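Heads up, upload.cif below (mmCIF, C-alpha atoms):
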data_data
loop_
_atom_site.group_PDB
_atom_site.id
_atom_site.type_symbol
_atom_site.label_atom_id
_atom_site.label_comp_id
_atom_site.auth_asym_id
_atom_site.auth_seq_id
_atom_site.Cartn_x
_atom_site.Cartn_y
_atom_site.Cartn_z
ATOM 1 C CA MET A 1 -20.333 -20.399 -19.095
ATOM 2 C CA SER A 2 -20.662 -18.975 -22.590
ATOM 3 C CA THR A 3 -17.973 -18.765 -25.253
ATOM 4 C CA ALA A 4 -19.897 -16.885 -27.933
ATOM 5 C CA GLY A 5 -22.800 -14.933 -26.433
ATOM 6 C CA GLY A 6 -23.258 -13.727 -22.905
ATOM 7 C CA THR A 7 -21.441 -10.938 -21.081
ATOM 8 C CA ARG A 8 -17.706 -10.417 -20.883
ATOM 9 C CA LEU A 9 -16.507 -11.402 -17.435
ATOM 10 C CA ASN A 10 -14.702 -8.112 -16.794
ATOM 11 C CA LYS A 11 -17.845 -6.173 -17.745
ATOM 12 C CA LEU A 12 -19.950 -8.265 -15.350
ATOM 13 C CA LEU A 13 -17.516 -7.584 -12.499
ATOM 14 C CA SER A 14 -17.608 -3.885 -13.311
ATOM 15 C CA GLN A 15 -21.410 -3.814 -13.402
ATOM 16 C CA ALA A 16 -21.504 -5.644 -10.081
ATOM 17 C CA GLY A 17 -19.382 -2.897 -8.538
ATOM 18 C CA ILE A 18 -16.342 -5.117 -7.957
ATOM 19 C CA ALA A 19 -13.788 -3.135 -9.953
ATOM 20 C CA SER A 20 -13.251 -1.181 -13.133
ATOM 21 C CA ARG A 21 -12.889 -3.293 -16.274
ATOM 22 C CA ARG A 22 -9.128 -2.864 -16.285
ATOM 23 C CA ALA A 23 -8.892 -3.790 -12.611
ATOM 24 C CA ALA A 24 -11.244 -6.736 -13.222
ATOM 25 C CA ASP A 25 -8.829 -8.026 -15.869
ATOM 26 C CA ASP A 26 -6.114 -7.962 -13.195
ATOM 27 C CA LEU A 27 -8.316 -9.976 -10.833
ATOM 28 C CA ILE A 28 -8.906 -12.544 -13.574
ATOM 29 C CA SER A 29 -5.207 -12.762 -14.455
ATOM 30 C CA GLN A 30 -4.372 -13.280 -10.770
ATOM 31 C CA GLY A 31 -6.679 -16.308 -10.609
ATOM 32 C CA ARG A 32 -9.036 -14.694 -8.120
ATOM 33 C CA VAL A 33 -12.206 -15.236 -10.194
ATOM 34 C CA GLU A 34 -14.162 -18.493 -10.371
ATOM 35 C CA VAL A 35 -16.998 -19.427 -12.703
ATOM 36 C CA ASN A 36 -19.014 -22.510 -11.726
ATOM 37 C CA GLY A 37 -16.227 -23.661 -9.433
ATOM 38 C CA HIS A 38 -13.423 -23.268 -12.003
ATOM 39 C CA ILE A 39 -10.709 -20.610 -11.738
ATOM 40 C CA ILE A 40 -10.740 -18.431 -14.847
ATOM 41 C CA THR A 41 -7.568 -16.696 -16.035
ATOM 42 C CA GLU A 42 -8.410 -16.155 -19.694
ATOM 43 C CA LEU A 43 -9.288 -12.555 -20.505
ATOM 44 C CA GLY A 44 -12.311 -12.131 -22.731
ATOM 45 C CA THR A 45 -14.214 -15.022 -21.146
ATOM 46 C CA ARG A 46 -17.978 -14.616 -21.451
ATOM 47 C CA VAL A 47 -20.552 -15.712 -18.916
ATOM 48 C CA ASP A 48 -24.310 -15.909 -18.546
ATOM 49 C CA PRO A 49 -25.195 -13.812 -15.472
ATOM 50 C CA ALA A 50 -28.534 -15.621 -15.128
ATOM 51 C CA ARG A 51 -27.047 -19.125 -15.040
ATOM 52 C CA ASP A 52 -23.364 -18.996 -14.095
ATOM 53 C CA ASP A 53 -22.048 -18.901 -10.531
ATOM 54 C CA VAL A 54 -19.383 -16.170 -10.543
ATOM 55 C CA ARG A 55 -17.210 -15.580 -7.474
ATOM 56 C CA VAL A 56 -14.330 -13.236 -6.619
ATOM 57 C CA ASP A 57 -12.085 -14.375 -3.758
ATOM 58 C CA GLY A 58 -14.791 -16.917 -2.932
ATOM 59 C CA ARG A 59 -17.518 -14.292 -2.696
ATOM 60 C CA ARG A 60 -20.478 -14.800 -5.003
ATOM 61 C CA ILE A 61 -21.456 -11.957 -7.307
ATOM 62 C CA LYS A 62 -25.118 -11.062 -6.866
ATOM 63 C CA GLY A 63 -26.631 -9.017 -9.661
ATOM 64 C CA THR A 64 -26.162 -5.304 -10.177
ATOM 65 C CA PRO A 65 -26.333 -3.148 -7.027
ATOM 66 C CA GLU A 66 -27.726 0.361 -6.856
ATOM 67 C CA ARG A 67 -25.105 2.755 -8.160
ATOM 68 C CA ARG A 68 -23.719 5.163 -5.569
ATOM 69 C CA TYR A 69 -21.176 7.939 -5.935
ATOM 70 C CA LEU A 70 -19.800 9.270 -2.649
ATOM 71 C CA LEU A 71 -17.609 12.278 -1.901
ATOM 72 C CA LEU A 72 -15.489 11.691 1.207
ATOM 73 C CA ASN A 73 -13.252 14.127 3.052
ATOM 74 C CA LYS A 74 -10.396 11.756 3.879
ATOM 75 C CA PRO A 75 -8.571 12.546 7.127
ATOM 76 C CA ARG A 76 -4.830 12.173 7.495
ATOM 77 C CA GLY A 77 -3.804 8.726 8.697
ATOM 78 C CA VAL A 78 -6.390 6.893 6.606
ATOM 79 C CA VAL A 79 -5.480 4.662 3.655
ATOM 80 C CA SER A 80 -7.304 5.197 0.351
ATOM 81 C CA THR A 81 -7.547 1.502 -0.541
ATOM 82 C CA ARG A 82 -10.079 -1.257 0.073
ATOM 83 C CA SER A 83 -7.815 -3.062 2.522
ATOM 84 C CA ASP A 84 -4.416 -2.579 4.116
ATOM 85 C CA PRO A 85 -1.894 -5.299 5.057
ATOM 86 C CA GLN A 86 -0.756 -3.151 7.995
ATOM 87 C CA GLN A 87 -4.324 -3.085 9.352
ATOM 88 C CA ARG A 88 -4.557 0.693 9.161
ATOM 89 C CA THR A 89 -7.938 2.371 8.840
ATOM 90 C CA THR A 90 -9.123 2.597 5.227
ATOM 91 C CA VAL A 91 -11.687 4.797 3.525
ATOM 92 C CA ILE A 92 -13.880 1.697 3.235
ATOM 93 C CA ASP A 93 -13.708 1.274 7.017
ATOM 94 C CA LEU A 94 -15.095 4.811 7.391
ATOM 95 C CA LEU A 95 -18.068 3.886 5.196
ATOM 96 C CA ALA A 96 -18.662 0.622 7.046
ATOM 97 C CA ARG A 97 -18.705 2.416 10.400
ATOM 98 C CA ALA A 98 -21.443 4.656 9.000
ATOM 99 C CA GLY A 99 -23.484 1.624 7.915
ATOM 100 C CA VAL A 100 -22.690 1.684 4.169
ATOM 101 C CA ASP A 101 -22.575 -1.905 2.906
ATOM 102 C CA GLY A 102 -21.493 -3.300 -0.446
ATOM 103 C CA TYR A 103 -18.366 -3.536 -2.537
ATOM 104 C CA PHE A 104 -17.099 0.054 -2.784
ATOM 105 C CA TYR A 105 -13.670 1.275 -3.796
ATOM 106 C CA PRO A 106 -11.901 4.641 -4.094
ATOM 107 C CA VAL A 107 -11.549 6.424 -7.412
ATOM 108 C CA GLY A 108 -7.831 7.202 -7.546
ATOM 109 C CA ARG A 109 -5.574 7.588 -4.544
ATOM 110 C CA LEU A 110 -4.787 10.115 -1.834
ATOM 111 C CA ASP A 111 -1.731 9.197 0.190
ATOM 112 C CA PHE A 112 -1.764 8.247 3.877
ATOM 113 C CA ASP A 113 -0.388 11.564 5.147
ATOM 114 C CA SER A 114 -2.643 13.727 2.957
ATOM 115 C CA GLU A 115 -6.246 14.761 3.498
ATOM 116 C CA GLY A 116 -9.103 16.038 1.422
ATOM 117 C CA LEU A 117 -11.622 15.001 -1.175
ATOM 118 C CA ILE A 118 -11.796 11.546 -2.715
ATOM 119 C CA ILE A 119 -14.599 9.851 -4.653
ATOM 120 C CA ILE A 120 -15.774 6.377 -3.637
ATOM 121 C CA THR A 121 -18.152 4.336 -5.777
ATOM 122 C CA ASN A 122 -19.423 0.883 -6.693
ATOM 123 C CA ASP A 123 -19.641 1.771 -10.409
ATOM 124 C CA GLY A 124 -16.581 0.378 -12.161
ATOM 125 C CA ASP A 125 -17.247 2.001 -15.527
ATOM 126 C CA PHE A 126 -17.608 5.424 -13.906
ATOM 127 C CA ALA A 127 -14.377 4.923 -11.937
ATOM 128 C CA GLU A 128 -12.458 3.989 -15.059
ATOM 129 C CA ARG A 129 -13.870 6.923 -16.978
ATOM 130 C CA VAL A 130 -12.987 9.480 -14.311
ATOM 131 C CA THR A 131 -9.438 8.189 -13.744
ATOM 132 C CA HIS A 132 -8.462 7.567 -17.385
ATOM 133 C CA PRO A 133 -5.359 9.683 -18.202
ATOM 134 C CA ARG A 134 -6.743 10.944 -21.514
ATOM 135 C CA TYR A 135 -9.482 12.894 -19.726
ATOM 136 C CA GLN A 136 -6.992 14.925 -17.663
ATOM 137 C CA LEU A 137 -9.362 15.583 -14.770
ATOM 138 C CA GLU A 138 -7.989 18.496 -12.759
ATOM 139 C CA ARG A 139 -7.217 18.132 -9.061
ATOM 140 C CA THR A 140 -6.367 21.097 -6.856
ATOM 141 C CA TYR A 141 -4.303 20.859 -3.677
ATOM 142 C CA GLU A 142 -3.596 23.285 -0.873
ATOM 143 C CA ALA A 143 -0.046 22.700 0.348
ATOM 144 C CA ILE A 144 1.617 24.179 3.403
ATOM 145 C CA VAL A 145 5.349 24.091 2.682
ATOM 146 C CA GLU A 146 8.507 25.000 4.545
ATOM 147 C CA GLY A 147 9.959 28.417 3.794
ATOM 148 C CA THR A 148 8.830 30.901 1.175
ATOM 149 C CA PRO A 149 9.043 29.862 -2.495
ATOM 150 C CA ASP A 150 10.205 32.732 -4.688
ATOM 151 C CA GLN A 151 8.997 33.492 -8.207
ATOM 152 C CA ARG A 152 11.621 31.217 -9.756
ATOM 153 C CA ASP A 153 10.442 28.302 -7.586
ATOM 154 C CA LEU A 154 6.807 28.904 -8.515
ATOM 155 C CA ASP A 155 7.673 29.139 -12.217
ATOM 156 C CA ARG A 156 9.502 25.802 -12.019
ATOM 157 C CA LEU A 157 6.392 24.176 -10.579
ATOM 158 C CA ARG A 158 4.271 25.751 -13.322
ATOM 159 C CA ARG A 159 6.550 24.575 -16.149
ATOM 160 C CA GLY A 160 7.006 21.064 -14.788
ATOM 161 C CA ILE A 161 9.453 19.195 -12.562
ATOM 162 C CA GLU A 162 11.417 16.115 -13.544
ATOM 163 C CA ILE A 163 10.440 13.176 -11.329
ATOM 164 C CA ASP A 164 12.000 9.746 -11.909
ATOM 165 C CA GLY A 165 13.267 10.830 -15.319
ATOM 166 C CA ARG A 166 9.904 12.161 -16.524
ATOM 167 C CA ARG A 167 8.779 15.778 -16.451
ATOM 168 C CA THR A 168 5.422 16.632 -14.931
ATOM 169 C CA ALA A 169 2.847 18.420 -17.065
ATOM 170 C CA PRO A 170 2.395 22.196 -16.677
ATOM 171 C CA ALA A 171 0.516 23.126 -13.501
ATOM 172 C CA THR A 172 -1.396 26.113 -12.186
ATOM 173 C CA VAL A 173 0.373 27.425 -9.071
ATOM 174 C CA ARG A 174 -0.388 30.336 -6.774
ATOM 175 C CA LEU A 175 1.248 31.555 -3.566
ATOM 176 C CA GLN A 176 -1.570 32.248 -1.101
ATOM 177 C CA ARG A 177 0.191 33.479 2.012
ATOM 178 C CA THR A 178 3.240 33.165 4.233
ATOM 179 C CA GLN A 179 3.122 32.811 7.997
ATOM 180 C CA GLU A 180 5.579 32.277 10.842
ATOM 181 C CA SER A 181 5.644 29.041 12.825
ATOM 182 C CA ARG A 182 7.816 27.693 15.635
ATOM 183 C CA GLY A 183 10.119 26.115 13.098
ATOM 184 C CA GLY A 184 10.347 29.180 10.867
ATOM 185 C CA ALA A 185 8.421 30.559 7.919
ATOM 186 C CA GLN A 186 5.798 28.441 6.179
ATOM 187 C CA SER A 187 3.846 29.205 3.021
ATOM 188 C CA THR A 188 0.488 28.079 1.675
ATOM 189 C CA ILE A 189 0.335 27.449 -2.067
ATOM 190 C CA THR A 190 -2.371 26.012 -4.309
ATOM 191 C CA ILE A 191 -1.376 23.614 -7.080
ATOM 192 C CA THR A 192 -3.693 22.344 -9.805
ATOM 193 C CA ILE A 193 -2.454 19.330 -11.754
ATOM 194 C CA HIS A 194 -3.886 17.083 -14.465
ATOM 195 C CA GLU A 195 -1.862 13.941 -13.712
ATOM 196 C CA GLY A 196 -2.270 11.288 -11.061
ATOM 197 C CA ARG A 197 1.310 10.263 -10.362
ATOM 198 C CA ASN A 198 2.060 8.856 -6.910
ATOM 199 C CA ARG A 199 2.809 11.598 -4.337
ATOM 200 C CA GLN A 200 3.317 14.018 -7.218
ATOM 201 C CA VAL A 201 2.722 17.294 -5.367
ATOM 202 C CA ARG A 202 5.048 16.255 -2.542
ATOM 203 C CA TYR A 203 7.818 15.348 -4.981
ATOM 204 C CA MET A 204 7.333 18.604 -6.880
ATOM 205 C CA CYS A 205 7.729 20.634 -3.699
ATOM 206 C CA ASP A 206 10.755 18.571 -2.632
ATOM 207 C CA ALA A 207 12.365 19.428 -5.982
ATOM 208 C CA ILE A 208 12.251 23.175 -5.228
ATOM 209 C CA ALA A 209 13.550 22.580 -1.668
ATOM 210 C CA HIS A 210 10.282 23.546 0.022
ATOM 211 C CA PRO A 211 8.983 20.237 1.474
ATOM 212 C CA VAL A 212 5.297 19.783 2.199
ATOM 213 C CA VAL A 213 4.270 20.089 5.833
ATOM 214 C CA ARG A 214 0.581 19.468 5.213
ATOM 215 C CA LEU A 215 -1.340 18.635 2.043
ATOM 216 C CA ARG A 216 -5.072 18.819 1.379
ATOM 217 C CA ARG A 217 -6.967 18.119 -1.841
ATOM 218 C CA THR A 218 -9.651 20.784 -2.230
ATOM 219 C CA HIS A 219 -11.083 20.088 -5.713
ATOM 220 C CA ILE A 220 -11.640 17.093 -7.986
ATOM 221 C CA GLY A 221 -12.551 18.540 -11.362
ATOM 222 C CA PRO A 222 -15.625 20.711 -10.679
ATOM 223 C CA LEU A 223 -16.187 19.194 -7.211
ATOM 224 C CA GLU A 224 -15.500 21.010 -3.963
ATOM 225 C CA ASP A 225 -17.152 21.018 -0.554
ATOM 226 C CA ARG A 226 -15.580 23.102 2.188
ATOM 227 C CA ARG A 227 -18.421 22.231 4.591
ATOM 228 C CA LEU A 228 -17.626 18.498 4.529
ATOM 229 C CA LYS A 229 -15.816 17.662 7.768
ATOM 230 C CA PRO A 230 -12.858 15.220 7.892
ATOM 231 C CA GLY A 231 -14.193 11.661 7.902
ATOM 232 C CA ALA A 232 -17.617 12.727 6.636
ATOM 233 C CA PHE A 233 -19.080 11.880 3.240
ATOM 234 C CA ARG A 234 -22.140 12.525 1.108
ATOM 235 C CA ASP A 235 -23.687 11.321 -2.134
ATOM 236 C CA LEU A 236 -22.809 13.265 -5.253
ATOM 237 C CA THR A 237 -25.751 15.054 -6.818
ATOM 238 C CA PRO A 238 -26.891 14.070 -10.327
ATOM 239 C CA ALA A 239 -25.573 17.445 -11.545
ATOM 240 C CA GLU A 240 -22.130 16.735 -10.054
ATOM 241 C CA ILE A 241 -21.975 13.275 -11.626
ATOM 242 C CA LYS A 242 -22.965 14.764 -14.975
ATOM 243 C CA ALA A 243 -20.389 17.551 -14.623
ATOM 244 C CA LEU A 244 -17.619 15.007 -14.008
ATOM 245 C CA THR A 245 -18.429 12.933 -17.077
ATOM 246 C CA ARG A 246 -19.303 15.906 -19.273
ATOM 247 C CA GLY A 247 -16.008 17.547 -18.368
ATOM 248 C CA ASN A 248 -14.218 14.345 -19.312
ATOM 249 C CA GLU A 249 -15.904 14.228 -22.699
ATOM 250 C CA LYS A 250 -14.979 17.856 -23.366
ATOM 251 C CA SER A 251 -11.360 17.359 -22.318
ATOM 252 C CA SER A 252 -11.096 14.259 -24.497
ATOM 253 C CA SER A 253 -12.604 15.942 -27.569
ATOM 254 C CA ASP A 254 -10.562 19.115 -27.098
ATOM 255 C CA SER A 255 -7.409 17.033 -26.782
ATOM 256 C CA SER A 256 -8.282 15.068 -29.937
ATOM 257 C CA ARG A 257 -8.939 18.246 -31.919
ATOM 258 C CA SER A 258 -5.660 19.765 -30.788
ATOM 259 C CA ARG A 259 -3.808 16.673 -31.997
ATOM 260 C CA ARG A 260 -5.650 16.538 -35.322
ATOM 261 C CA ALA A 261 -5.684 20.194 -36.328
ATOM 262 C CA PRO A 262 -2.546 22.331 -35.996
ATOM 263 C CA ARG A 263 -3.194 25.926 -35.042
ATOM 264 C CA ARG A 264 -3.246 28.468 -37.809
ATOM 265 C CA PRO A 265 -0.499 31.099 -37.625
ATOM 266 C CA ARG A 266 -1.706 34.430 -36.342
ATOM 267 C CA ALA A 267 -2.006 37.298 -38.759
ATOM 268 C CA ALA A 268 0.571 40.052 -38.271
ATOM 269 C CA GLY A 269 -0.524 42.673 -35.792
ATOM 270 C CA ARG A 270 -3.246 40.532 -34.147
ATOM 271 C CA PRO A 271 -3.029 39.964 -30.378
#
Using structure tokens, write down the structure from this file.
Amino acid sequence: MSTAGGTRLNKLLSQAGIASRRAADDLISQGRVEVNGHIITELGTRVDPARDDVRVDGRRIKGTPERRYLLLNKPRGVVSTRSDPQQRTTVIDLLARAGVDGYFYPVGRLDFDSEGLIIITNDGDFAERVTHPRYQLERTYEAIVEGTPDQRDLDRLRRGIEIDGRRTAPATVRLQRTQESRGGAQSTITITIHEGRNRQVRYMCDAIAHPVVRLRRTHIGPLEDRRLKPGAFRDLTPAEIKALTRGNEKSSSDSSRSRRAPRRPRAAGRP
């Protein structure tokens, strides 16, 4: 184990596809990482990948695996975590059944009762980059809700809803259609948000008294795939991976410029 040179332990775990650097720090703090038989809890520890025996939960870390970036259409009733204490099916179980081995994990979350697109990878740095709040990666959902939201309801969703004492960021909302069901009228709306708060779309719809009946994520940033069946997955193309990270860089730089440079007042008479 190195104290001066070498590789930071959280970076090594990220490169090995164990977790993002931030999540790797959590693993270290929880005492789940060993180096040469000793539990390490000090953040910033450096190791020599060629000489040190590094293990997470007793499992030895073996070099850097081939990077993979998968797009999965998660069915309802599947948990978007690596493991589940209630022994429910996870997105990782779906990969394993298809013969995909290795230490993969989902990028972000999609709740148990929801369906739709989710990214799964073994590249910790990529996962951290895509999920970092400052990049504001858009996610679009198709929600079937009870009743028919009126214009005031839709405008409330667009402006932001207060959830747990904090208002959601402005959203793009559109009423697609209304149809009759056995229980009464139901409406389909699309909602595009920039945040990743837990069950956010469901709470937003609850706040306008039109609870979600069914929720499906249709887009993650520039990604969509309407041909991908529930439970199926595919590798992202190099162009899709580039579009995700390029979009993040643009969002970050645009956000920085907007904070640094106030807008000039418009000249009188200009639109």
Show me a table, sorted first by chain and then by increasing residue number, of the residues of stretch 77-133 of chain A having an atom at most 12 Å from stretch 197-206 of chain A, each with its shortest atom pair and the distance in Å to one decimal, counting all atoms listed in the file and written as a Markdown table.
| residue | atom | partner | partner_atom | distance |
| --- | --- | --- | --- | --- |
| A:Gly108 | CA | A:Arg197 | CA | 10.0 |
| A:Arg109 | CA | A:Asn198 | CA | 8.1 |
| A:Leu110 | CA | A:Arg199 | CA | 8.1 |
| A:Asp111 | CA | A:Arg199 | CA | 6.8 |
| A:Phe112 | CA | A:Arg199 | CA | 10.0 |
| A:Asp113 | CA | A:Arg199 | CA | 10.0 |
| A:Ser114 | CA | A:Arg199 | CA | 9.4 |
| A:Thr131 | CA | A:Arg197 | CA | 11.5 |
| A:Pro133 | CA | A:Arg197 | CA | 10.3 |
Starting from 3 Å padding per side, set up an axis-aligned box that covers all listed atoms of stretch 52-71 of chain A and hand over centre and edge lengths in Å, one decimal, as lines of an AutoDock Vina configuration file.
center_x = -19.9
center_y = -3.4
center_z = -8.0
size_x = 21.6
size_y = 37.3
size_z = 18.2
- Message: Once the PyMOL selection byres ((chain A and resi 134-148) around 6) has been evaluated on this model, what residues remain selected, and can you format them as a PyMOL selection string?
- Response: chain A and resi 132-133+149+185-194+210-221+248+251-252
- For A:Arg234, the nearest of the candidates A:Asn73, A:Asn122, A:Thr178, A:Ser80, counting only C-alpha atoms: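 Counting only C-alpha atoms, the residue closest to A:Arg234 is A:Asn73.
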- Message: Under the rule that only C-alpha atoms are counted, which of A:Leu12, A:Leu228, A:Leu236, A:Leu175 is the nearest residue to A:Thr64?
- Response: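 Distance minimum relative to A:Thr64 lands on A:Leu12.
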- Task: Give the answer as one residue: which of A:Pro106, A:Pro222, A:Pro65, A:Gly37 has the shortest atom-to-atom distance to A:Ile119, using all atoms listed in the file?
- Result: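 Among A:Pro106, A:Pro222, A:Pro65, A:Gly37, it is A:Pro106 that comes nearest to A:Ile119.
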- Please evaluate the PyMOL selection byres ((chain A and resi 156) around 12) against the displayed coordinates and give the resulting residues as number ranges by chain. A: 149-155, 157-162, 167-173, 204-209
- Rank nothing, just name the residue among A:Leu9, A:Leu94, A:Val100, A:Ile118 nearest to A:Asp53, using only C-alpha atoms.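 Looking at the shortest contact to A:Asp53, the residue is A:Leu9.
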- Suppose you want the space between atom CA of A:Glu224 and atom CA of A:Ile18; what is it in Å?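 Computing it gives 26.4 Å between the two atoms.
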- Using the chain letters and numbers from the file, give me the residues hit by the PyMOL selection byres ((chain A and resi 7) around 8), as a PyMOL selection string. chain A and resi 5-6+8-9+11-12+46-49
- Message: Just checking: using all atoms listed in the file, which residue out of A:Pro238, A:Asp93, A:Leu13, A:Thr81 ends up closest to A:Arg59?
- Response: A:Leu13
Reconstruct stretch 122-143 of chain A at the level of N, CA and C atoms, and format the result as a short mmCIF file (atom, residue, chain, number, x, y, z; two decimals), keeping the file's coordinate frame.
data_model
loop_
_atom_site.label_atom_id
_atom_site.label_comp_id
_atom_site.auth_asym_id
_atom_site.auth_seq_id
_atom_site.Cartn_x
_atom_site.Cartn_y
_atom_site.Cartn_z
N ASN A 122 -19.32 2.30 -6.35
CA ASN A 122 -19.42 0.88 -6.69
C ASN A 122 -19.70 0.72 -8.18
N ASP A 123 -19.43 1.77 -8.96
CA ASP A 123 -19.64 1.77 -10.41
C ASP A 123 -18.28 1.74 -11.10
N GLY A 124 -17.90 0.55 -11.57
CA GLY A 124 -16.58 0.38 -12.16
C GLY A 124 -16.37 1.18 -13.43
N ASP A 125 -17.39 1.25 -14.28
CA ASP A 125 -17.25 2.00 -15.53
C ASP A 125 -17.04 3.49 -15.25
N PHE A 126 -17.77 4.02 -14.28
CA PHE A 126 -17.61 5.42 -13.91
C PHE A 126 -16.20 5.66 -13.37
N ALA A 127 -15.71 4.76 -12.52
CA ALA A 127 -14.38 4.92 -11.94
C ALA A 127 -13.31 4.94 -13.02
N GLU A 128 -13.44 4.05 -13.98
CA GLU A 128 -12.46 3.99 -15.06
C GLU A 128 -12.51 5.25 -15.91
N ARG A 129 -13.70 5.73 -16.15
CA ARG A 129 -13.87 6.92 -16.98
C ARG A 129 -13.24 8.14 -16.31
N VAL A 130 -13.48 8.30 -15.03
CA VAL A 130 -12.99 9.48 -14.31
C VAL A 130 -11.47 9.46 -14.15
N THR A 131 -10.88 8.28 -13.99
CA THR A 131 -9.44 8.19 -13.74
C THR A 131 -8.61 8.01 -15.01
N HIS A 132 -9.24 7.82 -16.17
CA HIS A 132 -8.46 7.57 -17.39
C HIS A 132 -7.59 8.77 -17.71
N PRO A 133 -6.28 8.56 -17.97
CA PRO A 133 -5.36 9.68 -18.20
C PRO A 133 -5.78 10.61 -19.34
N ARG A 134 -6.44 10.10 -20.36
CA ARG A 134 -6.74 10.94 -21.51
C ARG A 134 -7.75 12.04 -21.19
N TYR A 135 -8.50 11.88 -20.07
CA TYR A 135 -9.48 12.89 -19.73
C TYR A 135 -8.89 14.05 -18.93
N GLN A 136 -7.71 13.85 -18.34
CA GLN A 136 -6.99 14.92 -17.66
C GLN A 136 -7.88 15.68 -16.66
N LEU A 137 -8.52 14.96 -15.77
CA LEU A 137 -9.36 15.58 -14.77
C LEU A 137 -8.49 16.37 -13.79
N GLU A 138 -8.79 17.65 -13.63
CA GLU A 138 -7.99 18.50 -12.76
C GLU A 138 -8.21 18.15 -11.29
N ARG A 139 -7.13 18.27 -10.51
CA ARG A 139 -7.22 18.13 -9.06
C ARG A 139 -6.42 19.29 -8.45
N THR A 140 -7.02 19.95 -7.49
CA THR A 140 -6.37 21.10 -6.86
C THR A 140 -6.01 20.77 -5.42
N TYR A 141 -4.81 21.13 -5.02
CA TYR A 141 -4.30 20.86 -3.68
C TYR A 141 -3.89 22.16 -3.00
N GLU A 142 -4.10 22.20 -1.70
CA GLU A 142 -3.60 23.28 -0.87
C GLU A 142 -2.45 22.72 -0.06
N ALA A 143 -1.24 23.23 -0.29
CA ALA A 143 -0.05 22.70 0.35
C ALA A 143 0.57 23.74 1.27
#
